[in-house]
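Containing JSON, C-alpha atoms and all ligand atoms: work_24.json.
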```json
[["chain", "number", "residue", "atom", "x", "y", "z"],
["A", 1, "MET", "CA", -11.17, 9.75, -14.94],
["A", 2, "THR", "CA", -10.37, 10.50, -11.26],
["A", 3, "THR", "CA", -9.92, 7.32, -9.23],
["A", 4, "ALA", "CA", -10.49, 6.85, -5.49],
["A", 5, "VAL", "CA", -6.70, 6.81, -4.96],
["A", 6, "ASP", "CA", -6.32, 10.08, -6.94],
["A", 7, "GLN", "CA", -8.87, 11.62, -4.58],
["A", 8, "LEU", "CA", -6.95, 10.46, -1.51],
["A", 9, "VAL", "CA", -3.71, 11.85, -2.96],
["A", 10, "GLN", "CA", -5.45, 15.17, -3.69],
["A", 11, "GLN", "CA", -6.88, 15.36, -0.14],
["A", 12, "PHE", "CA", -3.47, 14.51, 1.29],
["A", 13, "HIS", "CA", -1.74, 17.26, -0.71],
["A", 14, "GLU", "CA", -4.43, 19.77, 0.25],
["A", 15, "ASN", "CA", -4.67, 19.05, 3.99],
["A", 16, "GLY", "CA", -1.37, 17.36, 4.91],
["A", 17, "TYR", "CA", -3.26, 14.35, 6.28],
["A", 18, "VAL", "CA", -5.69, 11.72, 5.06],
["A", 19, "ARG", "CA", -7.64, 8.80, 6.50],
["A", 20, "LEU", "CA", -7.41, 5.40, 4.80],
["A", 21, "GLU", "CA", -10.41, 3.25, 5.70],
["A", 22, "GLY", "CA", -10.29, -0.46, 6.59],
["A", 23, "VAL", "CA", -6.59, -1.04, 5.93],
["A", 24, "PHE", "CA", -6.59, -3.81, 8.54],
["A", 25, "THR", "CA", -9.68, -5.97, 9.12],
["A", 26, "GLY", "CA", -10.84, -9.37, 10.42],
["A", 27, "ASP", "CA", -8.22, -11.83, 11.67],
["A", 28, "GLU", "CA", -5.36, -9.50, 10.75],
["A", 29, "LEU", "CA", -6.74, -6.70, 12.94],
["A", 30, "ALA", "CA", -7.54, -9.18, 15.74],
["A", 31, "GLU", "CA", -3.95, -10.47, 15.69],
["A", 32, "LEU", "CA", -2.46, -6.94, 15.73],
["A", 33, "THR", "CA", -4.71, -6.02, 18.66],
["A", 34, "GLU", "CA", -3.83, -9.17, 20.59],
["A", 35, "GLU", "CA", -0.10, -8.48, 20.19],
["A", 36, "ILE", "CA", -0.54, -4.85, 21.28],
["A", 37, "ASN", "CA", -2.35, -5.97, 24.41],
["A", 38, "GLN", "CA", 0.64, -8.15, 25.31],
["A", 39, "VAL", "CA", 3.03, -5.24, 24.62],
["A", 40, "ILE", "CA", 0.89, -2.94, 26.79],
["A", 41, "HIS", "CA", 0.87, -5.36, 29.69],
["A", 42, "HIS", "CA", 4.43, -6.74, 29.54],
["A", 43, "TYR", "CA", 6.71, -4.10, 28.01],
["A", 44, "ALA", "CA", 5.23, -0.58, 27.73],
["A", 45, "ASP", "CA", 5.79, 2.41, 30.02],
["A", 46, "TRP", "CA", 2.52, 3.31, 31.79],
["A", 47, "GLU", "CA", 3.78, 6.72, 32.92],
["A", 48, "ALA", "CA", 4.70, 8.16, 29.53],
["A", 49, "ALA", "CA", 2.31, 11.15, 29.47],
["A", 50, "TRP", "CA", 3.97, 14.19, 27.89],
["A", 51, "ARG", "CA", 4.97, 16.77, 30.49],
["A", 52, "GLY", "CA", 5.05, 20.57, 30.55],
["A", 53, "GLU", "CA", 3.20, 23.71, 31.56],
["A", 54, "TRP", "CA", 1.03, 23.42, 28.42],
["A", 55, "ARG", "CA", -0.91, 20.67, 30.21],
["A", 56, "LYS", "CA", -2.77, 23.27, 32.27],
["A", 57, "GLU", "CA", -4.47, 24.45, 29.07],
["A", 58, "TYR", "CA", -5.43, 20.94, 27.98],
["A", 59, "VAL", "CA", -6.41, 19.18, 31.22],
["A", 60, "GLU", "CA", -8.92, 20.06, 33.91],
["A", 61, "GLU", "CA", -7.42, 20.68, 37.36],
["A", 62, "ASP", "CA", -8.85, 17.55, 39.03],
["A", 63, "LEU", "CA", -7.40, 15.29, 36.31],
["A", 64, "LEU", "CA", -3.91, 16.83, 36.15],
["A", 65, "GLN", "CA", -2.30, 14.38, 38.58],
["A", 66, "ARG", "CA", -4.02, 11.33, 37.11],
["A", 67, "ILE", "CA", -3.56, 11.52, 33.33],
["A", 68, "ARG", "CA", -1.70, 8.59, 31.81],
["A", 69, "LEU", "CA", -0.22, 7.48, 28.53],
["A", 70, "VAL", "CA", 0.99, 3.95, 27.85],
["A", 71, "ALA", "CA", 3.81, 4.11, 25.32],
["A", 72, "ILE", "CA", 6.79, 2.28, 23.88],
["A", 73, "ASN", "CA", 9.10, 2.87, 20.93],
["A", 74, "ASP", "CA", 10.27, 0.27, 18.43],
["A", 75, "PHE", "CA", 8.38, -2.72, 19.77],
["A", 76, "HIS", "CA", 7.86, -4.14, 16.26],
["A", 77, "PRO", "CA", 10.78, -6.65, 16.15],
["A", 78, "MET", "CA", 9.07, -8.48, 19.05],
["A", 79, "CYS", "CA", 5.76, -8.92, 17.20],
["A", 80, "GLY", "CA", 5.14, -11.14, 14.18],
["A", 81, "ALA", "CA", 1.82, -9.61, 13.07],
["A", 82, "TRP", "CA", 3.28, -6.09, 13.29],
["A", 83, "MET", "CA", 6.29, -7.09, 11.20],
["A", 84, "ARG", "CA", 3.84, -8.32, 8.54],
["A", 85, "ALA", "CA", 1.73, -5.15, 8.85],
["A", 86, "ILE", "CA", 4.76, -2.89, 8.24],
["A", 87, "VAL", "CA", 5.45, -4.50, 4.85],
["A", 88, "LYS", "CA", 1.77, -5.01, 3.83],
["A", 89, "LYS", "CA", 1.80, -4.54, 0.07],
["A", 90, "SER", "CA", -1.42, -2.55, -0.31],
["A", 91, "LEU", "CA", -0.41, -0.16, 2.49],
["A", 92, "VAL", "CA", 3.11, 0.34, 1.14],
["A", 93, "GLU", "CA", 1.78, 0.98, -2.39],
["A", 94, "THR", "CA", -0.72, 3.57, -1.14],
["A", 95, "LEU", "CA", 1.96, 5.32, 0.95],
["A", 96, "ALA", "CA", 4.25, 5.44, -2.09],
["A", 97, "GLN", "CA", 1.44, 7.03, -4.13],
["A", 98, "LEU", "CA", 0.74, 9.60, -1.42],
["A", 99, "MET", "CA", 4.44, 10.55, -1.27],
["A", 100, "GLY", "CA", 5.00, 10.16, -5.00],
["A", 101, "THR", "CA", 8.05, 7.95, -4.55],
["A", 102, "ASP", "CA", 9.54, 4.76, -5.96],
["A", 103, "LEU", "CA", 11.59, 4.14, -2.80],
["A", 104, "LEU", "CA", 10.27, 3.74, 0.75],
["A", 105, "GLU", "CA", 12.07, 2.89, 3.98],
["A", 106, "PHE", "CA", 10.43, 1.97, 7.29],
["A", 107, "HIS", "CA", 11.87, 4.07, 10.13],
["A", 108, "HIS", "CA", 10.21, 3.41, 13.53],
["A", 109, "SER", "CA", 7.20, 2.19, 15.49],
["A", 110, "THR", "CA", 5.61, 3.88, 18.53],
["A", 111, "LEU", "CA", 2.61, 2.83, 20.61],
["A", 112, "HIS", "CA", 0.40, 5.57, 22.09],
["A", 113, "ALA", "CA", -2.39, 4.07, 24.19],
["A", 114, "LYS", "CA", -4.74, 6.31, 26.15],
["A", 115, "PRO", "CA", -6.45, 4.46, 29.01],
["A", 116, "PRO", "CA", -10.15, 5.06, 29.73],
["A", 117, "ASN", "CA", -11.16, 8.21, 31.68],
["A", 118, "GLU", "CA", -7.59, 9.49, 32.14],
["A", 119, "GLY", "CA", -5.81, 9.11, 28.78],
["A", 120, "ALA", "CA", -3.30, 11.95, 28.36],
["A", 121, "PRO", "CA", -3.57, 14.69, 25.70],
["A", 122, "PHE", "CA", -0.91, 15.77, 23.19],
["A", 123, "PRO", "CA", -0.19, 19.49, 22.66],
["A", 124, "LEU", "CA", -0.18, 20.83, 19.12],
["A", 125, "HIS", "CA", 3.17, 20.04, 17.50],
["A", 126, "GLN", "CA", 4.90, 18.80, 14.39],
["A", 127, "ASP", "CA", 6.77, 15.50, 14.68],
["A", 128, "LEU", "CA", 9.82, 17.27, 13.25],
["A", 129, "PRO", "CA", 11.60, 17.88, 16.63],
["A", 130, "PHE", "CA", 11.43, 14.17, 17.48],
["A", 131, "TYR", "CA", 13.15, 12.83, 14.34],
["A", 132, "PRO", "CA", 14.16, 15.80, 12.17],
["A", 133, "HIS", "CA", 14.62, 15.21, 8.45],
["A", 134, "GLU", "CA", 15.61, 17.68, 5.72],
["A", 135, "ASP", "CA", 12.29, 17.33, 3.88],
["A", 136, "GLY", "CA", 9.17, 17.11, 6.06],
["A", 137, "LEU", "CA", 7.00, 16.15, 3.09],
["A", 138, "ARG", "CA", 9.05, 13.06, 2.30],
["A", 139, "TYR", "CA", 8.41, 11.55, 5.74],
["A", 140, "LEU", "CA", 5.05, 9.93, 6.54],
["A", 141, "ASP", "CA", 3.60, 9.23, 9.96],
["A", 142, "VAL", "CA", 1.11, 6.41, 9.67],
["A", 143, "LEU", "CA", -1.27, 5.96, 12.60],
["A", 144, "VAL", "CA", -2.82, 2.49, 12.78],
["A", 145, "HIS", "CA", -6.01, 2.62, 14.88],
["A", 146, "LEU", "CA", -6.80, -0.37, 17.07],
["A", 147, "ASP", "CA", -9.96, 1.16, 18.57],
["A", 148, "ASP", "CA", -12.68, 3.35, 17.18],
["A", 149, "ALA", "CA", -11.49, 6.90, 17.92],
["A", 150, "ASP", "CA", -13.69, 9.97, 18.29],
["A", 151, "GLU", "CA", -13.64, 13.30, 20.13],
["A", 152, "GLU", "CA", -14.69, 11.66, 23.39],
["A", 153, "ASN", "CA", -11.75, 9.26, 23.60],
["A", 154, "GLY", "CA", -9.16, 11.68, 22.22],
["A", 155, "CYS", "CA", -8.92, 11.16, 18.45],
["A", 156, "LEU", "CA", -6.28, 12.94, 16.39],
["A", 157, "ARG", "CA", -6.85, 16.62, 15.55],
["A", 158, "PHE", "CA", -5.12, 18.54, 12.74],
["A", 159, "LEU", "CA", -4.59, 22.06, 11.44],
["A", 160, "PRO", "CA", -5.43, 21.50, 7.74],
["A", 161, "GLY", "CA", -2.80, 22.84, 5.32],
["A", 162, "SER", "CA", -0.19, 23.28, 8.08],
["A", 163, "HIS", "CA", 2.26, 20.98, 6.21],
["A", 164, "ARG", "CA", 2.83, 23.91, 3.84],
["A", 165, "TRP", "CA", 4.19, 26.07, 6.69],
["A", 166, "GLY", "CA", 7.46, 24.08, 6.74],
["A", 167, "PRO", "CA", 9.53, 23.68, 9.92],
["A", 168, "LEU", "CA", 8.12, 25.66, 12.90],
["A", 169, "ASP", "CA", 9.90, 26.75, 16.09],
["A", 170, "HIS", "CA", 8.81, 24.57, 19.03],
["A", 171, "ILE", "CA", 9.06, 25.23, 22.74],
["A", 172, "VAL", "CA", 11.59, 22.71, 24.04],
["A", 173, "GLY", "CA", 13.40, 22.14, 27.33],
["A", 174, "PRO", "CA", 14.18, 19.60, 30.04],
["A", 175, "ASP", "CA", 10.72, 19.93, 31.67],
["A", 176, "THR", "CA", 8.52, 19.86, 28.61],
["A", 177, "ALA", "CA", 7.71, 17.82, 25.56],
["A", 178, "PRO", "CA", 8.34, 19.82, 22.37],
["A", 179, "HIS", "CA", 5.19, 21.76, 21.47],
["A", 180, "LEU", "CA", 3.97, 24.89, 19.70],
["A", 181, "PRO", "CA", 3.08, 28.05, 21.71],
["A", 182, "THR", "CA", -0.44, 27.48, 23.08],
["A", 183, "ASP", "CA", -1.49, 31.13, 22.56],
["A", 184, "ARG", "CA", -0.90, 30.94, 18.80],
["A", 185, "TYR", "CA", -1.74, 27.30, 18.04],
["A", 186, "ARG", "CA", -5.07, 26.36, 19.59],
["A", 187, "LEU", "CA", -6.79, 22.99, 19.80],
["A", 188, "SER", "CA", -10.07, 24.85, 19.19],
["A", 189, "ASP", "CA", -8.85, 25.71, 15.64],
["A", 190, "THR", "CA", -8.17, 22.07, 14.74],
["A", 191, "VAL", "CA", -10.28, 19.54, 12.86],
["A", 192, "PRO", "CA", -10.96, 16.24, 14.70],
["A", 193, "VAL", "CA", -10.50, 13.13, 12.57],
["A", 194, "SER", "CA", -12.55, 10.19, 13.83],
["A", 195, "ALA", "CA", -11.54, 6.72, 12.73],
["A", 196, "LYS", "CA", -12.62, 3.10, 13.06],
["A", 197, "ALA", "CA", -10.43, 0.29, 14.34],
["A", 198, "GLY", "CA", -8.35, -0.84, 11.36],
["A", 199, "ASP", "CA", -8.29, 2.61, 9.73],
["A", 200, "VAL", "CA", -5.03, 4.43, 9.21],
["A", 201, "ILE", "CA", -4.37, 8.18, 9.29],
["A", 202, "VAL", "CA", -1.36, 9.39, 7.32],
["A", 203, "PHE", "CA", 0.27, 12.79, 7.78],
["A", 204, "THR", "CA", 3.61, 14.51, 7.10],
["A", 205, "LEU", "CA", 6.43, 15.46, 9.45],
["A", 206, "TRP", "CA", 5.39, 19.11, 9.09],
["A", 207, "THR", "CA", 1.63, 18.65, 9.69],
["A", 208, "VAL", "CA", 0.53, 20.26, 12.99],
["A", 209, "HIS", "CA", -1.49, 17.86, 15.16],
["A", 210, "GLY", "CA", -2.45, 17.02, 18.73],
["A", 211, "SER", "CA", -5.25, 15.38, 20.70],
["A", 212, "SER", "CA", -7.40, 15.80, 23.81],
["A", 213, "VAL", "CA", -7.85, 13.79, 27.00],
["A", 214, "ASN", "CA", -9.62, 10.44, 26.73],
["A", 215, "LYS", "CA", -12.75, 11.15, 28.78],
["A", 216, "SER", "CA", -14.59, 8.01, 27.72],
["A", 217, "ASP", "CA", -14.75, 4.60, 29.36],
["A", 218, "ARG", "CA", -12.99, 3.07, 26.32],
["A", 219, "TRP", "CA", -9.30, 2.65, 25.43],
["A", 220, "ARG", "CA", -7.84, 4.61, 22.51],
["A", 221, "ARG", "CA", -4.89, 2.57, 21.21],
["A", 222, "ILE", "CA", -2.88, 3.81, 18.22],
["A", 223, "VAL", "CA", 0.41, 2.65, 16.73],
["A", 224, "ARG", "CA", 2.51, 5.12, 14.74],
["A", 225, "LEU", "CA", 4.64, 3.68, 11.94],
["A", 226, "GLY", "CA", 7.16, 6.06, 10.37],
["A", 227, "TYR", "CA", 8.18, 5.73, 6.69],
["A", 228, "ARG", "CA", 10.53, 7.92, 4.64],
["A", 229, "ASP", "CA", 12.12, 8.32, 1.28],
["A", 230, "PRO", "CA", 15.62, 6.93, 2.00],
["A", 231, "ARG", "CA", 17.09, 9.93, 0.12],
["A", 232, "ASN", "CA", 15.56, 12.27, 2.74],
["A", 233, "ARG", "CA", 18.43, 12.88, 5.16],
["A", 234, "GLN", "CA", 17.76, 12.60, 8.93],
["A", 235, "THR", "CA", 19.59, 15.24, 10.98],
["A", 236, "GLY", "CA", 19.04, 13.98, 14.56],
["A", 237, "GLY", "CA", 16.56, 12.49, 17.04],
["A", 238, "HIS", "CA", 14.95, 9.06, 17.30],
["A", 239, "GLY", "CA", 16.65, 6.43, 15.14],
["A", 240, "PHE", "CA", 19.32, 8.85, 13.88],
["A", 241, "GLY", "CA", 22.10, 6.99, 12.06],
["A", 242, "GLN", "CA", 20.13, 3.72, 11.84],
["A", 243, "ARG", "CA", 19.21, 2.12, 8.55],
["A", 244, "GLY", "CA", 15.58, 1.01, 8.41],
["A", 245, "LEU", "CA", 13.93, -1.77, 6.43],
["A", 246, "MET", "CA", 13.40, -1.02, 2.75],
["A", 247, "VAL", "CA", 9.72, -1.77, 2.04],
["A", 248, "LEU", "CA", 9.76, -0.56, -1.60],
["A", 249, "GLY", "CA", 12.70, -0.60, -4.00],
["A", 250, "VAL", "CA", 16.44, -0.96, -3.36],
["A", 251, "ARG", "CA", 18.35, 1.40, -1.07],
["A", 252, "PRO", "CA", 20.43, 3.79, -3.21],
["A", 253, "LYS", "CA", 24.20, 3.42, -2.80],
["A", 254, "ASP", "CA", 25.73, 6.20, -0.64],
["B", 1, "LIG", "O1", -1.73, 9.64, 19.85],
["B", 1, "LIG", "C1", -2.04, 10.84, 19.84],
["B", 1, "LIG", "O2", -3.12, 11.25, 20.23],
["B", 1, "LIG", "C2", -1.08, 11.85, 19.28],
["B", 1, "LIG", "C3", 0.00, 11.19, 18.54],
["B", 1, "LIG", "C4", 1.05, 12.11, 18.10],
["B", 1, "LIG", "O3", 1.11, 13.27, 18.41],
["B", 1, "LIG", "C5", 2.07, 11.56, 17.25],
["B", 1, "LIG", "O4", 2.02, 10.37, 16.92],
["B", 1, "LIG", "O5", 2.96, 12.33, 16.86]]
```

Mind turning this structure into structure tokens?
Ligand SMILES: O=C(O)CCC(=O)C(=O)O
Amino acid sequence: MTTAVDQLVQQFHENGYVRLEGVFTGDELAELTEEINQVIHHYADWEAAWRGEWRKEYVEEDLLQRIRLVAINDFHPMCGAWMRAIVKKSLVETLAQLMGTDLLEFHHSTLHAKPPNEGAPFPLHQDLPFYPHEDGLRYLDVLVHLDDADEENGCLRFLPGSHRWGPLDHIVGPDTAPHLPTDRYRLSDTVPVSAKAGDVIVFTLWTVHGSSVNKSDRWRRIVRLGYRDPRNRQTGGHGFGQRGLMVLGVRPKD
């Protein structure tokens, strides 16, 4: 008999991403949201929109100077509810099933909050250039949604099956965020994935994704939690050389 979890695992293997519904609800979700609001107002960078020439293809002329992203990396040690969320048993168990692993290590947290009417877009990219690992399929990006997200407020968009393409060459440089060439990787070819507050979208380090401007009068707040198989070697980037928290099993001896 195929269970609901088997179906999620199958979808994940097929597409390279999957949405988990209602992972956080009620008081737990309220507490996570309250803490994020404090992080947004006291600690985050309000001018963190990704830069580069690609923006001309994603943003209308009159908005170009105004778009904003509120972001911060590794805020989790400051926040009790987020520390509990990272080790939440049901989430960790589902992630382990998606990856097919008996060992899981938490790697990083990142807030991406798009303010109403001017929330910045993300060009199509893999997360590989930001924290490269030898095996892109044994690294999971886990996006915790704190608002309902849809096409109007800039929900995530994916190229289904792109995780099977392996590492891709990105355009990089001092004046641009790493991204894929806009003439070959188009937002119009992607699938939007709407989500409710409390849902989680999981994808791999090799899955191509991006998102559009938030044109609505609502916030779109998302927190990315990164998890990996501790045997998957990191080769550079964010958190390189740091040991994360083991959330499943015991770290293997070097
Ligand atoms: O928050 C978004 O819309 C995009 C996020 C993203 O690209 C990422 O987390 O790697």

Taking only residues of chain A that have an atom at most 10 Å from an atom of ligand LIG 1 (chain B), what is each one's shortest atom pair and its distance in Å to one decimal, using all atoms listed in the file, in chain and number order, as JSON lines?
```
{"residue": "A:Trp50", "atom": "CA", "partner": "B:LIG1", "partner_atom": "O3", "distance": 9.9}
{"residue": "A:Leu69", "atom": "CA", "partner": "B:LIG1", "partner_atom": "O1", "distance": 9.1}
{"residue": "A:Ala71", "atom": "CA", "partner": "B:LIG1", "partner_atom": "O1", "distance": 9.5}
{"residue": "A:Ser109", "atom": "CA", "partner": "B:LIG1", "partner_atom": "O4", "distance": 9.8}
{"residue": "A:Thr110", "atom": "CA", "partner": "B:LIG1", "partner_atom": "O4", "distance": 7.6}
{"residue": "A:Leu111", "atom": "CA", "partner": "B:LIG1", "partner_atom": "O1", "distance": 8.1}
{"residue": "A:His112", "atom": "CA", "partner": "B:LIG1", "partner_atom": "O1", "distance": 5.1}
{"residue": "A:Ala113", "atom": "CA", "partner": "B:LIG1", "partner_atom": "O1", "distance": 7.1}
{"residue": "A:Lys114", "atom": "CA", "partner": "B:LIG1", "partner_atom": "O1", "distance": 7.7}
{"residue": "A:Gly119", "atom": "CA", "partner": "B:LIG1", "partner_atom": "O2", "distance": 9.2}
{"residue": "A:Ala120", "atom": "CA", "partner": "B:LIG1", "partner_atom": "O2", "distance": 8.2}
{"residue": "A:Pro121", "atom": "CA", "partner": "B:LIG1", "partner_atom": "O2", "distance": 6.5}
{"residue": "A:Phe122", "atom": "CA", "partner": "B:LIG1", "partner_atom": "C2", "distance": 5.5}
{"residue": "A:Pro123", "atom": "CA", "partner": "B:LIG1", "partner_atom": "O3", "distance": 7.6}
{"residue": "A:Leu124", "atom": "CA", "partner": "B:LIG1", "partner_atom": "O3", "distance": 7.7}
{"residue": "A:His125", "atom": "CA", "partner": "B:LIG1", "partner_atom": "O3", "distance": 7.1}
{"residue": "A:Gln126", "atom": "CA", "partner": "B:LIG1", "partner_atom": "O5", "distance": 7.2}
{"residue": "A:Asp127", "atom": "CA", "partner": "B:LIG1", "partner_atom": "O5", "distance": 5.4}
{"residue": "A:Leu128", "atom": "CA", "partner": "B:LIG1", "partner_atom": "O5", "distance": 9.2}
{"residue": "A:Phe130", "atom": "CA", "partner": "B:LIG1", "partner_atom": "O5", "distance": 8.7}
{"residue": "A:Asp141", "atom": "CA", "partner": "B:LIG1", "partner_atom": "O4", "distance": 7.2}
{"residue": "A:Val142", "atom": "CA", "partner": "B:LIG1", "partner_atom": "O4", "distance": 8.3}
{"residue": "A:Leu143", "atom": "CA", "partner": "B:LIG1", "partner_atom": "O4", "distance": 7.0}
{"residue": "A:His145", "atom": "CA", "partner": "B:LIG1", "partner_atom": "O1", "distance": 9.6}
{"residue": "A:Ala149", "atom": "CA", "partner": "B:LIG1", "partner_atom": "O2", "distance": 9.7}
{"residue": "A:Asn153", "atom": "CA", "partner": "B:LIG1", "partner_atom": "O2", "distance": 9.5}
{"residue": "A:Gly154", "atom": "CA", "partner": "B:LIG1", "partner_atom": "O2", "distance": 6.4}
{"residue": "A:Cys155", "atom": "CA", "partner": "B:LIG1", "partner_atom": "O2", "distance": 6.1}
{"residue": "A:Leu156", "atom": "CA", "partner": "B:LIG1", "partner_atom": "O2", "distance": 5.3}
{"residue": "A:Arg157", "atom": "CA", "partner": "B:LIG1", "partner_atom": "O2", "distance": 8.0}
{"residue": "A:Phe158", "atom": "CA", "partner": "B:LIG1", "partner_atom": "O3", "distance": 9.9}
{"residue": "A:His179", "atom": "CA", "partner": "B:LIG1", "partner_atom": "O3", "distance": 9.9}
{"residue": "A:Phe203", "atom": "CA", "partner": "B:LIG1", "partner_atom": "O5", "distance": 9.5}
{"residue": "A:Leu205", "atom": "CA", "partner": "B:LIG1", "partner_atom": "O5", "distance": 8.8}
{"residue": "A:Thr207", "atom": "CA", "partner": "B:LIG1", "partner_atom": "O5", "distance": 9.6}
{"residue": "A:Val208", "atom": "CA", "partner": "B:LIG1", "partner_atom": "O3", "distance": 8.9}
{"residue": "A:His209", "atom": "CA", "partner": "B:LIG1", "partner_atom": "O3", "distance": 6.2}
{"residue": "A:Gly210", "atom": "CA", "partner": "B:LIG1", "partner_atom": "O3", "distance": 5.2}
{"residue": "A:Ser211", "atom": "CA", "partner": "B:LIG1", "partner_atom": "O2", "distance": 4.7}
{"residue": "A:Ser212", "atom": "CA", "partner": "B:LIG1", "partner_atom": "O2", "distance": 7.2}
{"residue": "A:Val213", "atom": "CA", "partner": "B:LIG1", "partner_atom": "O2", "distance": 8.6}
{"residue": "A:Asn214", "atom": "CA", "partner": "B:LIG1", "partner_atom": "O2", "distance": 9.2}
{"residue": "A:Arg220", "atom": "CA", "partner": "B:LIG1", "partner_atom": "O1", "distance": 8.3}
{"residue": "A:Arg221", "atom": "CA", "partner": "B:LIG1", "partner_atom": "O1", "distance": 7.9}
{"residue": "A:Ile222", "atom": "CA", "partner": "B:LIG1", "partner_atom": "O1", "distance": 6.2}
{"residue": "A:Val223", "atom": "CA", "partner": "B:LIG1", "partner_atom": "O4", "distance": 7.9}
{"residue": "A:Arg224", "atom": "CA", "partner": "B:LIG1", "partner_atom": "O4", "distance": 5.7}
{"residue": "A:Leu225", "atom": "CA", "partner": "B:LIG1", "partner_atom": "O4", "distance": 8.7}
{"residue": "A:Gly226", "atom": "CA", "partner": "B:LIG1", "partner_atom": "O4", "distance": 9.4}
```

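One finds CA of Pro132 (chain A) at 21.9 Å from CA of Lys253 (chain A).
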
Spatial sel., origin (5.7, 20.6, 30.2), limit 8 Å, all atoms listed in the file, listed as JSON, numbers by chain: {"A": [50, 51, 52, 53, 54, 55, 175, 176, 177]}

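Between CA of Leu159 (chain A) and CA of Val172 (chain A) there is a distance of 20.5 Å.
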
Minimum-distance residue to Asp102 (chain A), chosen among A:Trp206, A:Ile201, A:Arg233, A:Arg138 (using only C-alpha atoms): A:Arg138

Point-to-point distance in Å for CA of Val92 (chain A) and CA of Phe12 (chain A): 15.6 Å

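Of the listed residues A:Arg19, A:Lys89, A:Arg66, A:Lys56, the one whose atoms come nearest to Pro192 (chain A) is A:Arg19, with distances taken using all atoms listed in the file.
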